[in-house]
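**Student:** The structure under discussion is supplied below as structure tokens; questions concerning it will follow.
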Amino acid sequence: CNSILDKAGVLLMFIAWCNENEGFFSLIPSIIAIVISIIAINAQNKGVVFEKRLKLYVNANRIFKSCELIVKRCTGWQARTQRNLISLILFRPNSQEAECLRELGNTNSQSERYNQLIDKYISMYIDIYLKENEKINEELSIFYPPKIATYMQELLSHYDELLMSFPILETAEIEEWINNVQKILDVIEEKNILKKMKRKMSISIYS
């Protein structure tokens, strides 16, 4: 009985307060609008994070698979075969980069044409890959914690190094690159970095 009386008392006090503050109810639509806006902004931000993490995951997976293929399939071949295999993994067969590398393979390294092709390849690297890889590196730090980002950034660094200097690398340098990348790939697999990236991508929507 006392509980009912207490609740009734609180209700009467609330009604009295509302009567004394007639402007209260006029504020309700504004308060609701603010709350809805906050919820919408929060959902939108989560959507942006999801999109960024999805793109980063796709790029990280692509880079990982490319490096993995090079490590598995391009070790121990003669120089020309090794270069052709790596080129097929890095570039589409009909791409400008692949065509440039094919011509380089058939051009005397002492000729002027060889130097022109090297310049052409470097220009393509700058235009197509440099800014994109820098962007991936930066966004990894923004959208993933260091315990995930660090490993993928290290792999990206080696991948970018191969893209940049591939035409002028000697066989011994390529083999050294393969050995270094194998170690990074092993750590990424051991620590399930790509799986963690995928999980974080889902968390950004539902958390």
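Residues are referred to by chain and number: the chain letter is A, B, ... according to the order shown in the structure tokens, the number counts from 1 in that chain, and ligands are numbered separately from 1 in the order shown.
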Using only C-alpha atoms, what does the table of segment 61-167 of chain A residues within 8 Å of segment 178-187 of chain A look like, with each row giving the shortest atom pair and its distance in Å to one decimal, sorted by chain and ascending number, as a Markdown table?

**Tutor:**
```
| residue | atom | partner | partner_atom | distance |
| --- | --- | --- | --- | --- |
| A:Phe64 | CA | A:Leu185 | CA | 7.4 |
| A:Cys67 | CA | A:Val181 | CA | 7.3 |
| A:Glu68 | CA | A:Leu185 | CA | 7.2 |
| A:Ile70 | CA | A:Ile178 | CA | 7.4 |
| A:Val71 | CA | A:Ile178 | CA | 5.4 |
| A:Thr75 | CA | A:Ile178 | CA | 7.5 |
| A:Tyr151 | CA | A:Ile184 | CA | 7.4 |
| A:Glu154 | CA | A:Ile184 | CA | 7.6 |
| A:Leu155 | CA | A:Ile184 | CA | 6.5 |
| A:His158 | CA | A:Val181 | CA | 7.0 |
```

**Student:** Would you write out those residues with N, CA, C and O atoms, as a short mmCIF file (atom, residue, chain, number, x, y, z; two decimals), in the first residue's frame?

**Tutor:**
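Final output, saved to part-v9.cif:
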```cif
data_model
loop_
_atom_site.label_atom_id
_atom_site.label_comp_id
_atom_site.auth_asym_id
_atom_site.auth_seq_id
_atom_site.Cartn_x
_atom_site.Cartn_y
_atom_site.Cartn_z
N PHE A 64 49.25 -10.21 -49.11
CA PHE A 64 49.71 -11.44 -48.47
C PHE A 64 49.76 -12.59 -49.48
O PHE A 64 50.76 -13.32 -49.56
N CYS A 67 52.63 -12.12 -52.06
CA CYS A 67 53.93 -12.43 -51.46
C CYS A 67 54.08 -13.92 -51.21
O CYS A 67 55.16 -14.50 -51.42
N GLU A 68 53.00 -14.55 -50.77
CA GLU A 68 53.03 -15.99 -50.51
C GLU A 68 53.31 -16.78 -51.78
O GLU A 68 54.11 -17.73 -51.78
N ILE A 70 54.89 -15.67 -54.48
CA ILE A 70 56.27 -15.43 -54.89
C ILE A 70 57.23 -16.30 -54.08
O ILE A 70 58.15 -16.91 -54.63
N VAL A 71 57.00 -16.36 -52.77
CA VAL A 71 57.86 -17.16 -51.90
C VAL A 71 57.79 -18.65 -52.27
O VAL A 71 58.82 -19.34 -52.33
N THR A 75 61.28 -19.43 -56.03
CA THR A 75 62.59 -19.67 -55.44
C THR A 75 63.36 -20.70 -56.26
O THR A 75 62.80 -21.72 -56.66
N TYR A 151 52.41 -5.69 -38.24
CA TYR A 151 52.82 -6.83 -39.06
C TYR A 151 52.48 -6.62 -40.53
O TYR A 151 53.27 -6.92 -41.43
N GLU A 154 54.79 -4.05 -42.09
CA GLU A 154 56.11 -4.61 -42.42
C GLU A 154 56.05 -5.38 -43.73
O GLU A 154 56.93 -5.23 -44.58
N LEU A 155 54.99 -6.18 -43.91
CA LEU A 155 54.84 -6.91 -45.17
C LEU A 155 54.64 -5.95 -46.33
O LEU A 155 55.23 -6.12 -47.40
N HIS A 158 57.94 -4.45 -47.57
CA HIS A 158 58.71 -5.34 -48.44
C HIS A 158 58.05 -5.47 -49.81
O HIS A 158 58.74 -5.50 -50.84
#
```

**Student:** Please identify all polymer residues within 9 Å of Tyr125 of chain A, counting only C-alpha atoms, omitting same-chain residues fewer than 4 positions from it, and present them as a list in words.

**Tutor:**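 Final neighbour list, sorted by chain and number: Glu97, Lys120, Tyr121, Tyr129, Leu130, Leu163 and Met164 of chain A.
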
**Student:** Of the candidates A:Thr171, A:Asn59, A:Asn115, A:Ser95, which one gets nearest to Glu132 of chain A if we count only C-alpha atoms?

**Tutor:** A:Asn59

**Student:** Hey, can you check how far atom CA of Asn106 of chain A sits from atom CA of Ile63 of chain A?

**Tutor:**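 Computed distance, atom CA of Asn106 of chain A to atom CA of Ile63 of chain A, equals 28.2 Å.
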
**Student:** Applying 12 Å and only C-alpha atoms, which residues near segment 138-149 of chain A remain after dropping the ones on its own chain fewer than 4 positions away? List them as a VMD selection string.

**Tutor:** chain A and resid 46 48 to 57 59 to 60 131 to 134 153 to 157 187 to 189 191 to 201 203 to 204

**Student:** Please provide as a count of residues only all residues within 12 Å of Glu173 of chain A, with the sequence filter that same-chain residues fewer than 6 positions apart are discarded (counting only C-alpha atoms).

**Tutor:** 10

**Student:** What are the DSSP alpha helix (DSSP H) residues of segment 13-188 of chain A, as a ChimeraX atom specification?

**Tutor:** /A:13-20,24-73,79-90,96-105,112-124,131-143,146-165,171-188

**Student:** Would you mind listing what lies within 9 Å of Asn84 of chain A as a list in words, with only C-alpha atoms counted and same-chain residues fewer than 4 positions away left out?

**Tutor:**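 Residues near the query, excluding close chain neighbours: Ala79, Arg80, Leu88, Ile89, Leu101 and Arg102 of chain A.
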
**Student:** Convert the current residue selection to file output with N, CA, C and O atoms, as a PDB file, in the first residue's frame.

**Tutor:**
```pdb
ATOM      1  N   ALA A  79      67.434 -16.787 -63.522  1.00  0.00           N
ATOM      2  CA  ALA A  79      67.054 -15.377 -63.412  1.00  0.00           C
ATOM      3  C   ALA A  79      65.864 -15.002 -64.303  1.00  0.00           C
ATOM      4  O   ALA A  79      64.896 -14.385 -63.836  1.00  0.00           O
ATOM      5  N   ARG A  80      65.900 -15.366 -65.564  1.00  0.00           N
ATOM      6  CA  ARG A  80      64.851 -14.957 -66.505  1.00  0.00           C
ATOM      7  C   ARG A  80      63.502 -15.581 -66.135  1.00  0.00           C
ATOM      8  O   ARG A  80      62.474 -14.896 -66.131  1.00  0.00           O
ATOM      9  N   LEU A  88      54.278 -12.204 -63.465  1.00  0.00           N
ATOM     10  CA  LEU A  88      52.922 -12.745 -63.628  1.00  0.00           C
ATOM     11  C   LEU A  88      52.108 -12.629 -62.340  1.00  0.00           C
ATOM     12  O   LEU A  88      50.891 -12.461 -62.382  1.00  0.00           O
ATOM     13  N   ILE A  89      52.779 -12.737 -61.206  1.00  0.00           N
ATOM     14  CA  ILE A  89      52.089 -12.634 -59.913  1.00  0.00           C
ATOM     15  C   ILE A  89      51.765 -11.184 -59.577  1.00  0.00           C
ATOM     16  O   ILE A  89      50.676 -10.870 -59.086  1.00  0.00           O
ATOM     17  N   LEU A 101      58.177  -4.711 -68.623  1.00  0.00           N
ATOM     18  CA  LEU A 101      59.150  -5.680 -68.111  1.00  0.00           C
ATOM     19  C   LEU A 101      59.549  -6.700 -69.177  1.00  0.00           C
ATOM     20  O   LEU A 101      60.712  -7.117 -69.242  1.00  0.00           O
ATOM     21  N   ARG A 102      58.600  -7.093 -70.018  1.00  0.00           N
ATOM     22  CA  ARG A 102      58.931  -8.031 -71.113  1.00  0.00           C
ATOM     23  C   ARG A 102      59.933  -7.399 -72.072  1.00  0.00           C
ATOM     24  O   ARG A 102      60.897  -8.034 -72.496  1.00  0.00           O
TER      25      ARG A 102
END
```

**Student:** Expressed in Å to a single decimal, how great is the separation between atom CA of Ile126 of chain A and atom CA of Leu169 of chain A?

**Tutor:**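 The value is 17.7 Å.
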